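Shown next: data.pdb, given as PDB, C-alpha atoms.
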```
ATOM      1  CA  MET A 705     171.059 172.528 150.324
ATOM      2  CA  SER A 706     173.858 174.511 148.712
ATOM      3  CA  ALA A 707     173.678 178.274 148.299
ATOM      4  CA  ALA A 708     173.662 177.924 144.513
ATOM      5  CA  ARG A 709     170.782 175.442 144.624
ATOM      6  CA  PHE A 710     168.790 177.711 146.953
ATOM      7  CA  ALA A 711     169.438 180.689 144.685
ATOM      8  CA  SER A 712     168.094 178.739 141.703
ATOM      9  CA  LEU A 713     164.932 177.858 143.634
ATOM     10  CA  ALA A 714     164.367 181.331 145.078
ATOM     11  CA  PRO A 715     162.471 182.819 142.078
ATOM     12  CA  GLY A 716     160.086 179.847 141.937
ATOM     13  CA  LEU A 717     159.457 179.940 145.686
ATOM     14  CA  ALA A 718     158.841 183.673 145.529
ATOM     15  CA  PHE A 719     156.328 183.161 142.718
ATOM     16  CA  ILE A 720     154.451 180.524 144.737
ATOM     17  CA  ALA A 721     154.323 182.907 147.711
ATOM     18  CA  LEU A 722     152.972 185.646 145.436
ATOM     19  CA  VAL A 723     150.220 183.357 144.112
ATOM     20  CA  LEU A 724     149.219 182.346 147.652
ATOM     21  CA  ALA A 725     149.119 185.980 148.752
ATOM     22  CA  PHE A 726     146.914 186.841 145.780
ATOM     23  CA  LEU A 727     144.534 183.970 146.634
ATOM     24  CA  GLU A 728     144.346 185.157 150.236
ATOM     25  CA  VAL A 729     143.348 188.637 149.112
ATOM     26  CA  ALA A 730     140.940 187.300 146.479
ATOM     27  CA  VAL A 731     139.074 185.151 149.006
ATOM     28  CA  ASP A 732     139.051 187.926 151.621
ATOM     29  CA  ARG A 733     137.479 190.366 149.135
ATOM     30  CA  ASN A 734     135.049 187.769 147.735
ATOM     31  CA  TRP A 735     136.625 187.756 144.298
ATOM     32  CA  VAL A 736     136.718 183.980 144.694
ATOM     33  CA  LYS A 737     134.132 181.912 146.566
ATOM     34  CA  ALA A 738     135.624 180.349 149.675
ATOM     35  CA  VAL A 739     133.401 177.269 149.268
ATOM     36  CA  LEU A 740     135.269 176.493 146.048
ATOM     37  CA  ILE A 741     138.796 177.712 146.830
ATOM     38  CA  PRO A 742     139.533 178.320 150.516
ATOM     39  CA  ALA A 743     141.960 180.945 151.730
ATOM     40  CA  PRO A 744     145.525 179.607 152.001
ATOM     41  CA  SER A 745     145.554 180.612 155.685
ATOM     42  CA  ASP A 746     142.498 178.410 156.379
ATOM     43  CA  THR A 747     144.070 175.520 154.476
ATOM     44  CA  ALA A 748     147.301 176.034 156.435
ATOM     45  CA  VAL A 749     145.416 175.619 159.735
ATOM     46  CA  VAL A 750     143.921 172.314 158.586
ATOM     47  CA  LEU A 751     147.284 171.208 157.221
ATOM     48  CA  TRP A 752     148.991 171.992 160.516
ATOM     49  CA  ASN A 753     146.394 169.962 162.436
ATOM     50  CA  ILE A 754     146.954 166.978 160.122
ATOM     51  CA  ILE A 755     150.717 167.183 160.562
ATOM     52  CA  TRP A 756     150.582 167.801 164.319
ATOM     53  CA  SER A 757     148.239 164.852 164.900
ATOM     54  CA  GLY A 758     150.350 162.556 162.721
ATOM     55  CA  ALA A 759     147.296 161.632 160.641
ATOM     56  CA  PHE A 760     149.363 161.900 157.469
ATOM     57  CA  ALA A 761     151.797 159.112 158.367
ATOM     58  CA  ASP A 762     149.725 156.027 157.544
ATOM     59  CA  PRO A 763     148.275 157.290 154.220
ATOM     60  CA  VAL A 764     151.664 158.570 153.058
ATOM     61  CA  GLY A 765     153.295 155.297 154.077
ATOM     62  CA  ASP A 766     150.688 153.222 152.217
ATOM     63  CA  THR A 767     151.038 155.295 149.061
ATOM     64  CA  LEU A 768     154.841 155.319 149.119
ATOM     65  CA  GLY A 769     154.927 151.560 149.689
ATOM     66  CA  LEU A 770     152.839 150.957 146.572
ATOM     67  CA  LEU A 771     154.781 153.569 144.643
ATOM     68  CA  PHE A 772     158.206 152.130 145.412
ATOM     69  CA  ALA A 773     157.054 148.566 144.705
ATOM     70  CA  GLY A 774     155.580 149.410 141.299
ATOM     71  CA  TYR A 775     158.287 151.925 140.420
ATOM     72  CA  GLY A 776     161.048 149.507 141.373
ATOM     73  CA  ILE A 777     159.584 146.810 139.139
ATOM     74  CA  ALA A 778     159.230 149.332 136.300
ATOM     75  CA  CYS A 779     162.857 150.471 136.580
ATOM     76  CA  VAL A 780     164.332 146.963 136.715
ATOM     77  CA  LEU A 781     162.151 145.686 133.887
ATOM     78  CA  GLY A 782     162.715 148.804 131.777
ATOM     79  CA  VAL A 783     166.492 148.692 132.116
ATOM     80  CA  VAL A 784     166.759 144.952 131.444
ATOM     81  CA  LEU A 785     164.459 144.997 128.419
ATOM     82  CA  GLY A 786     165.955 148.265 127.154
ATOM     83  CA  VAL A 787     169.488 146.878 127.211
ATOM     84  CA  LEU A 788     168.427 143.645 125.509
ATOM     85  CA  MET A 789     166.361 145.438 122.858
ATOM     86  CA  GLY A 790     169.097 147.976 122.220
ATOM     87  CA  TYR A 791     171.903 145.432 121.919
ATOM     88  CA  PHE A 792     170.231 142.390 120.329
ATOM     89  CA  ARG A 793     168.362 143.011 117.075
ATOM     90  CA  GLY A 794     166.374 139.798 117.426
ATOM     91  CA  VAL A 795     165.000 140.814 120.835
ATOM     92  CA  TYR A 796     164.064 144.234 119.437
ATOM     93  CA  ASN A 797     162.171 142.698 116.503
ATOM     94  CA  LEU A 798     160.340 140.375 118.881
ATOM     95  CA  LEU A 799     159.248 142.900 121.523
ATOM     96  CA  GLU A 800     159.059 146.244 119.707
ATOM     97  CA  PRO A 801     155.511 145.805 118.247
ATOM     98  CA  LEU A 802     154.078 144.785 121.635
ATOM     99  CA  ALA A 803     155.900 147.611 123.402
ATOM    100  CA  GLU A 804     154.596 150.202 120.932
ATOM    101  CA  VAL A 805     151.012 148.952 121.261
ATOM    102  CA  LEU A 806     151.083 149.041 125.066
ATOM    103  CA  ARG A 807     152.969 152.335 125.215
ATOM    104  CA  THR A 808     150.338 154.253 123.265
ATOM    105  CA  ILE A 809     147.418 153.150 125.479
ATOM    106  CA  PRO A 810     146.577 155.747 128.158
ATOM    107  CA  LYS A 811     147.204 153.824 131.347
ATOM    108  CA  PRO A 812     144.218 155.196 133.337
ATOM    109  CA  VAL A 813     141.807 153.549 130.866
ATOM    110  CA  LEU A 814     143.273 150.172 131.844
ATOM    111  CA  LEU A 815     142.206 150.548 135.465
ATOM    112  CA  PRO A 816     138.602 149.250 135.045
ATOM    113  CA  PRO A 817     139.595 145.990 133.299
ATOM    114  CA  LEU A 818     142.486 145.505 135.709
ATOM    115  CA  MET A 819     140.066 145.868 138.619
ATOM    116  CA  LEU A 820     137.953 143.078 137.116
ATOM    117  CA  PHE A 821     140.909 140.729 136.632
ATOM    118  CA  LEU A 822     143.095 141.586 139.627
ATOM    119  CA  GLY A 823     140.597 143.014 142.112
ATOM    120  CA  LEU A 824     141.012 146.182 144.170
ATOM    121  CA  GLY A 825     144.042 145.190 146.227
ATOM    122  CA  PHE A 826     147.788 145.610 145.998
ATOM    123  CA  PRO A 827     148.386 143.463 142.871
ATOM    124  CA  MET A 828     146.227 145.723 140.701
ATOM    125  CA  LYS A 829     147.813 148.920 141.996
ATOM    126  CA  ILE A 830     151.364 147.662 141.697
ATOM    127  CA  PHE A 831     150.690 146.350 138.188
ATOM    128  CA  ILE A 832     149.268 149.626 136.867
ATOM    129  CA  VAL A 833     152.079 151.660 138.458
ATOM    130  CA  ALA A 834     154.704 149.355 136.950
ATOM    131  CA  LEU A 835     152.999 149.451 133.551
ATOM    132  CA  ALA A 836     152.853 153.246 133.568
ATOM    133  CA  GLY A 837     156.461 153.625 134.660
ATOM    134  CA  VAL A 838     158.213 151.005 132.548
ATOM    135  CA  PHE A 839     158.056 152.655 129.125
ATOM    136  CA  PRO A 840     160.019 155.884 129.771
ATOM    137  CA  VAL A 841     162.804 153.776 131.286
ATOM    138  CA  LEU A 842     162.619 151.197 128.486
ATOM    139  CA  ILE A 843     162.741 153.713 125.644
ATOM    140  CA  ASN A 844     165.528 155.818 127.168
ATOM    141  CA  THR A 845     167.610 152.743 127.966
ATOM    142  CA  MET A 846     167.196 151.336 124.475
ATOM    143  CA  GLN A 847     168.141 154.615 122.821
ATOM    144  CA  ALA A 848     171.081 155.075 125.170
ATOM    145  CA  VAL A 849     172.458 151.620 124.354
ATOM    146  CA  ARG A 850     172.105 152.259 120.624
ATOM    147  CA  SER A 851     173.915 155.588 120.861
ATOM    148  CA  ILE A 852     177.007 154.148 122.579
ATOM    149  CA  ASP A 853     180.209 154.669 120.597
ATOM    150  CA  PRO A 854     181.036 151.326 118.897
ATOM    151  CA  VAL A 855     184.707 151.959 119.680
ATOM    152  CA  LEU A 856     183.970 151.338 123.374
ATOM    153  CA  ILE A 857     182.426 147.952 122.606
ATOM    154  CA  ASP A 858     185.193 146.983 120.193
ATOM    155  CA  THR A 859     187.829 147.950 122.741
ATOM    156  CA  ALA A 860     186.168 145.793 125.392
ATOM    157  CA  ARG A 861     186.094 142.867 122.975
ATOM    158  CA  THR A 862     189.757 143.411 122.159
ATOM    159  CA  PHE A 863     190.560 142.947 125.827
ATOM    160  CA  GLY A 864     188.627 139.683 125.847
ATOM    161  CA  ARG A 865     185.439 140.852 127.507
ATOM    162  CA  GLY A 866     182.371 138.715 126.877
ATOM    163  CA  THR A 867     178.835 139.886 126.171
ATOM    164  CA  GLY A 868     177.838 139.909 129.826
ATOM    165  CA  ALA A 869     180.830 141.983 130.848
ATOM    166  CA  ILE A 870     180.238 144.417 127.987
ATOM    167  CA  LEU A 871     176.615 144.907 129.035
ATOM    168  CA  TRP A 872     177.491 145.353 132.701
ATOM    169  CA  ARG A 873     180.826 147.200 132.560
ATOM    170  CA  VAL A 874     180.469 149.255 129.384
ATOM    171  CA  MET A 875     176.864 149.765 128.316
ATOM    172  CA  LEU A 876     175.191 150.416 131.655
ATOM    173  CA  PRO A 877     177.706 153.051 132.852
ATOM    174  CA  ALA A 878     177.716 154.767 129.449
ATOM    175  CA  SER A 879     173.910 154.739 129.339
ATOM    176  CA  ALA A 880     173.400 155.864 132.943
ATOM    177  CA  PRO A 881     172.543 159.556 132.285
ATOM    178  CA  LEU A 882     169.806 158.734 129.760
ATOM    179  CA  ILE A 883     168.510 155.853 131.881
ATOM    180  CA  LEU A 884     168.225 158.165 134.882
ATOM    181  CA  ALA A 885     166.396 160.727 132.746
ATOM    182  CA  GLY A 886     163.858 158.045 131.867
ATOM    183  CA  MET A 887     163.541 157.082 135.525
ATOM    184  CA  ARG A 888     162.822 160.710 136.412
ATOM    185  CA  VAL A 889     159.912 160.834 133.937
ATOM    186  CA  SER A 890     158.754 157.408 135.108
ATOM    187  CA  LEU A 891     158.609 158.564 138.727
ATOM    188  CA  GLY A 892     156.076 161.260 137.870
ATOM    189  CA  PHE A 893     153.892 158.825 135.934
ATOM    190  CA  ALA A 894     154.078 156.292 138.754
ATOM    191  CA  LEU A 895     152.976 158.825 141.385
ATOM    192  CA  VAL A 896     149.997 159.908 139.277
ATOM    193  CA  LEU A 897     148.875 156.329 138.700
ATOM    194  CA  VAL A 898     149.237 155.226 142.304
ATOM    195  CA  ILE A 899     147.088 158.153 143.495
ATOM    196  CA  LEU A 900     144.519 157.512 140.767
ATOM    197  CA  SER A 901     144.333 153.776 141.493
ATOM    198  CA  GLU A 902     143.796 154.507 145.189
ATOM    199  CA  MET A 903     141.032 156.979 144.367
ATOM    200  CA  LEU A 904     139.170 154.507 142.174
ATOM    201  CA  ALA A 905     139.765 151.411 144.290
ATOM    202  CA  GLY A 906     139.020 153.166 147.577
ATOM    203  CA  SER A 907     141.326 150.936 149.580
ATOM    204  CA  GLY A 908     143.678 153.205 151.479
ATOM    205  CA  GLY A 909     146.427 155.696 150.816
ATOM    206  CA  LEU A 910     146.437 159.363 149.882
ATOM    207  CA  GLY A 911     144.186 158.737 146.886
ATOM    208  CA  GLN A 912     141.338 157.342 148.961
ATOM    209  CA  LEU A 913     141.618 160.178 151.487
ATOM    210  CA  LEU A 914     141.512 162.764 148.724
ATOM    211  CA  SER A 915     138.492 161.063 147.167
ATOM    212  CA  ASP A 916     136.672 160.921 150.516
ATOM    213  CA  MET A 917     137.300 164.614 151.147
ATOM    214  CA  GLN A 918     135.896 165.519 147.727
ATOM    215  CA  LYS A 919     132.796 163.339 148.119
ATOM    216  CA  THR A 920     131.924 164.958 151.439
ATOM    217  CA  PHE A 921     132.681 168.498 150.175
ATOM    218  CA  LEU A 922     135.393 169.115 152.767
ATOM    219  CA  VAL A 923     137.100 171.761 150.670
ATOM    220  CA  ARG A 924     139.776 172.893 153.121
ATOM    221  CA  GLU A 925     140.679 169.291 153.928
ATOM    222  CA  THR A 926     140.871 168.505 150.203
ATOM    223  CA  PHE A 927     143.347 171.308 149.574
ATOM    224  CA  ALA A 928     145.330 170.338 152.664
ATOM    225  CA  TRP A 929     145.767 166.780 151.392
ATOM    226  CA  LEU A 930     146.578 168.109 147.929
ATOM    227  CA  THR A 931     149.359 170.119 149.540
ATOM    228  CA  ILE A 932     150.673 166.975 151.228
ATOM    229  CA  ILE A 933     150.679 165.147 147.888
ATOM    230  CA  ALA A 934     152.544 168.061 146.297
ATOM    231  CA  VAL A 935     155.150 168.020 149.083
ATOM    232  CA  VAL A 936     155.570 164.255 148.690
ATOM    233  CA  GLY A 937     156.115 164.696 144.947
ATOM    234  CA  PHE A 938     158.630 167.494 145.517
ATOM    235  CA  ALA A 939     160.502 165.417 148.114
ATOM    236  CA  LEU A 940     160.682 162.441 145.763
ATOM    237  CA  THR A 941     162.090 164.644 143.000
ATOM    238  CA  ALA A 942     164.672 166.142 145.360
ATOM    239  CA  MET A 943     165.679 162.653 146.494
ATOM    240  CA  PHE A 944     166.025 161.527 142.888
ATOM    241  CA  ASP A 945     168.219 164.554 142.102
ATOM    242  CA  TRP A 946     170.475 163.635 145.015
ATOM    243  CA  ILE A 947     170.786 160.040 143.833
ATOM    244  CA  GLU A 948     171.376 161.105 140.225
ATOM    245  CA  ARG A 949     174.227 163.434 141.190
ATOM    246  CA  ARG A 950     175.996 160.547 142.891
ATOM    247  CA  ILE A 951     175.376 157.811 140.327
ATOM    248  CA  ALA A 952     176.058 159.842 137.174
ATOM    249  CA  PHE A 953     178.337 162.487 138.685
ATOM    250  CA  TRP A 954     180.186 162.961 135.374
ATOM    251  CA  SER A 955     176.983 163.864 133.511
ATOM    252  CA  ARG A 956     176.394 167.526 132.744
ATOM    253  CA  SER A 957     172.739 167.292 133.832
ATOM    254  CA  ALA A 958     173.781 165.752 137.154
ATOM    255  CA  VAL A 959     176.371 168.475 137.762
ATOM    256  CA  GLU A 960     173.877 171.221 136.967
TER     257      GLU A 960
END
```
I'd like the structure from this file rewritten - as structure tokens, please.
Amino acid sequence: MSAARFASLAPGLAFIALVLAFLEVAVDRNWVKAVLIPAPSDTAVVLWNIIWSGAFADPVGDTLGLLFAGYGIACVLGVVLGVLMGYFRGVYNLLEPLAEVLRTIPKPVLLPPLMLFLGLGFPMKIFIVALAGVFPVLINTMQAVRSIDPVLIDTARTFGRGTGAILWRVMLPASAPLILAGMRVSLGFALVLVILSEMLAGSGGLGQLLSDMQKTFLVRETFAWLTIIAVVGFALTAMFDWIERRIAFWSRSAVE
């Protein structure tokens, strides 16, 4: 991590440390009931035991496997449909009403019917993650394609480039910053839905563990696993930032 990046994170990290210190004091002086919110030091002990024993590896692996499968499908489908809908008016007219209807439905409410049709296994979880993640990528890709300077397309045609080459060599590179912005939003949605689907289906992963801890009133364990989920989310965001800076290195957002 560069010095500039660390300096930008320092205020946020200091604020988190301040909040944790306040919670420690609040629990110690009985301002907050420990049965509801444990002291950060107690949670840290449980968290250390989970990490030291390696008990986190299998649940994290299961959740990340589902996440990457569903998220990967969402990104590919969103980019392909977004480019087609942004470039071809006929495709837009055909798919736009369906996309708008599905986009406005809160995805968690689709979990019960999906459980009936697809069961509680991997297909249901991957489907709901892909459905939740596809629309930010689709909308950003479509808008990015529509905002491309027509001079770029006309120049490519002047040099004899066909439609396929224009889509691949002109539109995708020019649209990359906005597409990546959509993928960033999609990643957050996908993580939420994969955890939620695991909690409701009860078939492995971080979501099931978190649900089991809550049902048995293991408060410290619940907060420890919540911390692991937060770290996983932070790591995924950091990894995405790294990838974005290398794919769209000319973009102002990637440089910053």
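Across the structure, atom CA of A:Asp916 and atom CA of A:Ser890 are spaced 27.2 Å apart.
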Might you pull out every residue within 6 Å of stretch 742-744 of chain A, with only C-alpha atoms counted and same-chain residues fewer than 3 positions away left off, and present them as a list in words? Glu728, Val731, Ala738, Thr747 and Ala748 of chain A
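Nearest residue to A:Leu842 among A:Ala860, A:Val780, A:Leu876, A:Met903 is A:Val780, counting only C-alpha atoms.
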_Explicit residues for the PyMOL selection byres ((chain A and resi 849) around 10) (as number ranges by chain)_ = A: 786-791, 844-848, 850-853, 871, 874-876, 878-880, 882-883
- Which of these, A:Gly794, A:Gly765, A:Gly825, A:Gly758, has the shortest distance to A:Leu904 once you count all atoms listed in the file?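 Residue with the minimum atom-to-atom distance to A:Leu904: A:Gly825.
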- List the residues selected by the PyMOL selection byres ((chain A and resi 777) around 12) in the file shown, writing them as a PyMOL selection string. chain A and resi 770-776+778-785+830-839+841-842+887+890-891+894
Requested write-out: C-alpha atoms of the selected residues, as a compact mmCIF listing (two decimals), in the frame of the given file:
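Listing of again_10.txt after writing:
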```
# COMPACT_ATOMS: atom_id res chain seq x y z
CA LEU A 770 152.84 150.96 146.57
CA LEU A 771 154.78 153.57 144.64
CA PHE A 772 158.21 152.13 145.41
CA ALA A 773 157.05 148.57 144.71
CA GLY A 774 155.58 149.41 141.30
CA TYR A 775 158.29 151.93 140.42
CA GLY A 776 161.05 149.51 141.37
CA ALA A 778 159.23 149.33 136.30
CA CYS A 779 162.86 150.47 136.58
CA VAL A 780 164.33 146.96 136.72
CA LEU A 781 162.15 145.69 133.89
CA GLY A 782 162.72 148.80 131.78
CA VAL A 783 166.49 148.69 132.12
CA VAL A 784 166.76 144.95 131.44
CA LEU A 785 164.46 145.00 128.42
CA ILE A 830 151.36 147.66 141.70
CA PHE A 831 150.69 146.35 138.19
CA ILE A 832 149.27 149.63 136.87
CA VAL A 833 152.08 151.66 138.46
CA ALA A 834 154.70 149.35 136.95
CA LEU A 835 153.00 149.45 133.55
CA ALA A 836 152.85 153.25 133.57
CA GLY A 837 156.46 153.62 134.66
CA VAL A 838 158.21 151.00 132.55
CA PHE A 839 158.06 152.66 129.12
CA VAL A 841 162.80 153.78 131.29
CA LEU A 842 162.62 151.20 128.49
CA MET A 887 163.54 157.08 135.52
CA SER A 890 158.75 157.41 135.11
CA LEU A 891 158.61 158.56 138.73
CA ALA A 894 154.08 156.29 138.75
```
Query - Computed interatomic separation between atom CA of A:Val935 and atom CA of A:Lys737 (Å) - result: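 Between these atoms lies a distance of 25.3 Å.
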What lies within 9 Å of A:Arg888 using all atoms listed in the file, ignoring chain neighbours under 6 positions off, as a count of residues only? 5
Quiz item: Just how far from atom CA of A:Leu724 is atom CA of A:Val898, in Å to one decimal?
Solution: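 Computing it gives 27.6 Å between the two atoms.
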Given the PyMOL selection byres ((chain A and resi 766) around 12) and the file above, list the residues it selects as a PDB file with C-alpha atoms, in the frame of the given file.
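And here is the file that came out, expr-v1.pdb:
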```pdb
ATOM      1  CA  PHE A 760     149.363 161.900 157.469  1.00  0.00           C
ATOM      2  CA  ALA A 761     151.797 159.112 158.367  1.00  0.00           C
ATOM      3  CA  ASP A 762     149.725 156.027 157.544  1.00  0.00           C
ATOM      4  CA  PRO A 763     148.275 157.290 154.220  1.00  0.00           C
ATOM      5  CA  VAL A 764     151.664 158.570 153.058  1.00  0.00           C
ATOM      6  CA  GLY A 765     153.295 155.297 154.077  1.00  0.00           C
ATOM      7  CA  THR A 767     151.038 155.295 149.061  1.00  0.00           C
ATOM      8  CA  LEU A 768     154.841 155.319 149.119  1.00  0.00           C
ATOM      9  CA  GLY A 769     154.927 151.560 149.689  1.00  0.00           C
ATOM     10  CA  LEU A 770     152.839 150.957 146.572  1.00  0.00           C
ATOM     11  CA  LEU A 771     154.781 153.569 144.643  1.00  0.00           C
ATOM     12  CA  PHE A 772     158.206 152.130 145.412  1.00  0.00           C
ATOM     13  CA  ALA A 773     157.054 148.566 144.705  1.00  0.00           C
ATOM     14  CA  PHE A 826     147.788 145.610 145.998  1.00  0.00           C
ATOM     15  CA  LYS A 829     147.813 148.920 141.996  1.00  0.00           C
ATOM     16  CA  ILE A 830     151.364 147.662 141.697  1.00  0.00           C
ATOM     17  CA  VAL A 898     149.237 155.226 142.304  1.00  0.00           C
ATOM     18  CA  ILE A 899     147.088 158.153 143.495  1.00  0.00           C
ATOM     19  CA  GLU A 902     143.796 154.507 145.189  1.00  0.00           C
ATOM     20  CA  SER A 907     141.326 150.936 149.580  1.00  0.00           C
ATOM     21  CA  GLY A 908     143.678 153.205 151.479  1.00  0.00           C
ATOM     22  CA  GLY A 909     146.427 155.696 150.816  1.00  0.00           C
ATOM     23  CA  LEU A 910     146.437 159.363 149.882  1.00  0.00           C
ATOM     24  CA  GLY A 911     144.186 158.737 146.886  1.00  0.00           C
ATOM     25  CA  GLN A 912     141.338 157.342 148.961  1.00  0.00           C
ATOM     26  CA  LEU A 913     141.618 160.178 151.487  1.00  0.00           C
TER      27      LEU A 913
END
```
Edge lengths and centre, in Å to one decimal, as lines of an AutoDock Vina configuration file: that's what I need for the box along x, y and z that holds all listed atoms of stretch 908-927 of chain A plus 3 Å on each side.
```
center_x = 139.2
center_y = 163.0
center_z = 150.4
size_x = 20.5
size_y = 25.7
size_z = 13.0
```
With distances taken over all atoms listed in the file, the candidate from A:Ile947, A:Ala759, A:Leu914, A:Leu722 nearest A:Pro881 is A:Ile947
With distances taken over all atoms listed in the file, the candidate from A:Ile932, A:Ala869, A:Leu940, A:Ile857 nearest A:Leu895 is A:Leu940
Counting all atoms listed in the file, figure out which residue out of A:Ile933, A:Val749, A:Leu799, A:Ile843 gets nearest to A:Leu884.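 Distance minimum relative to A:Leu884 lands on A:Ile843.
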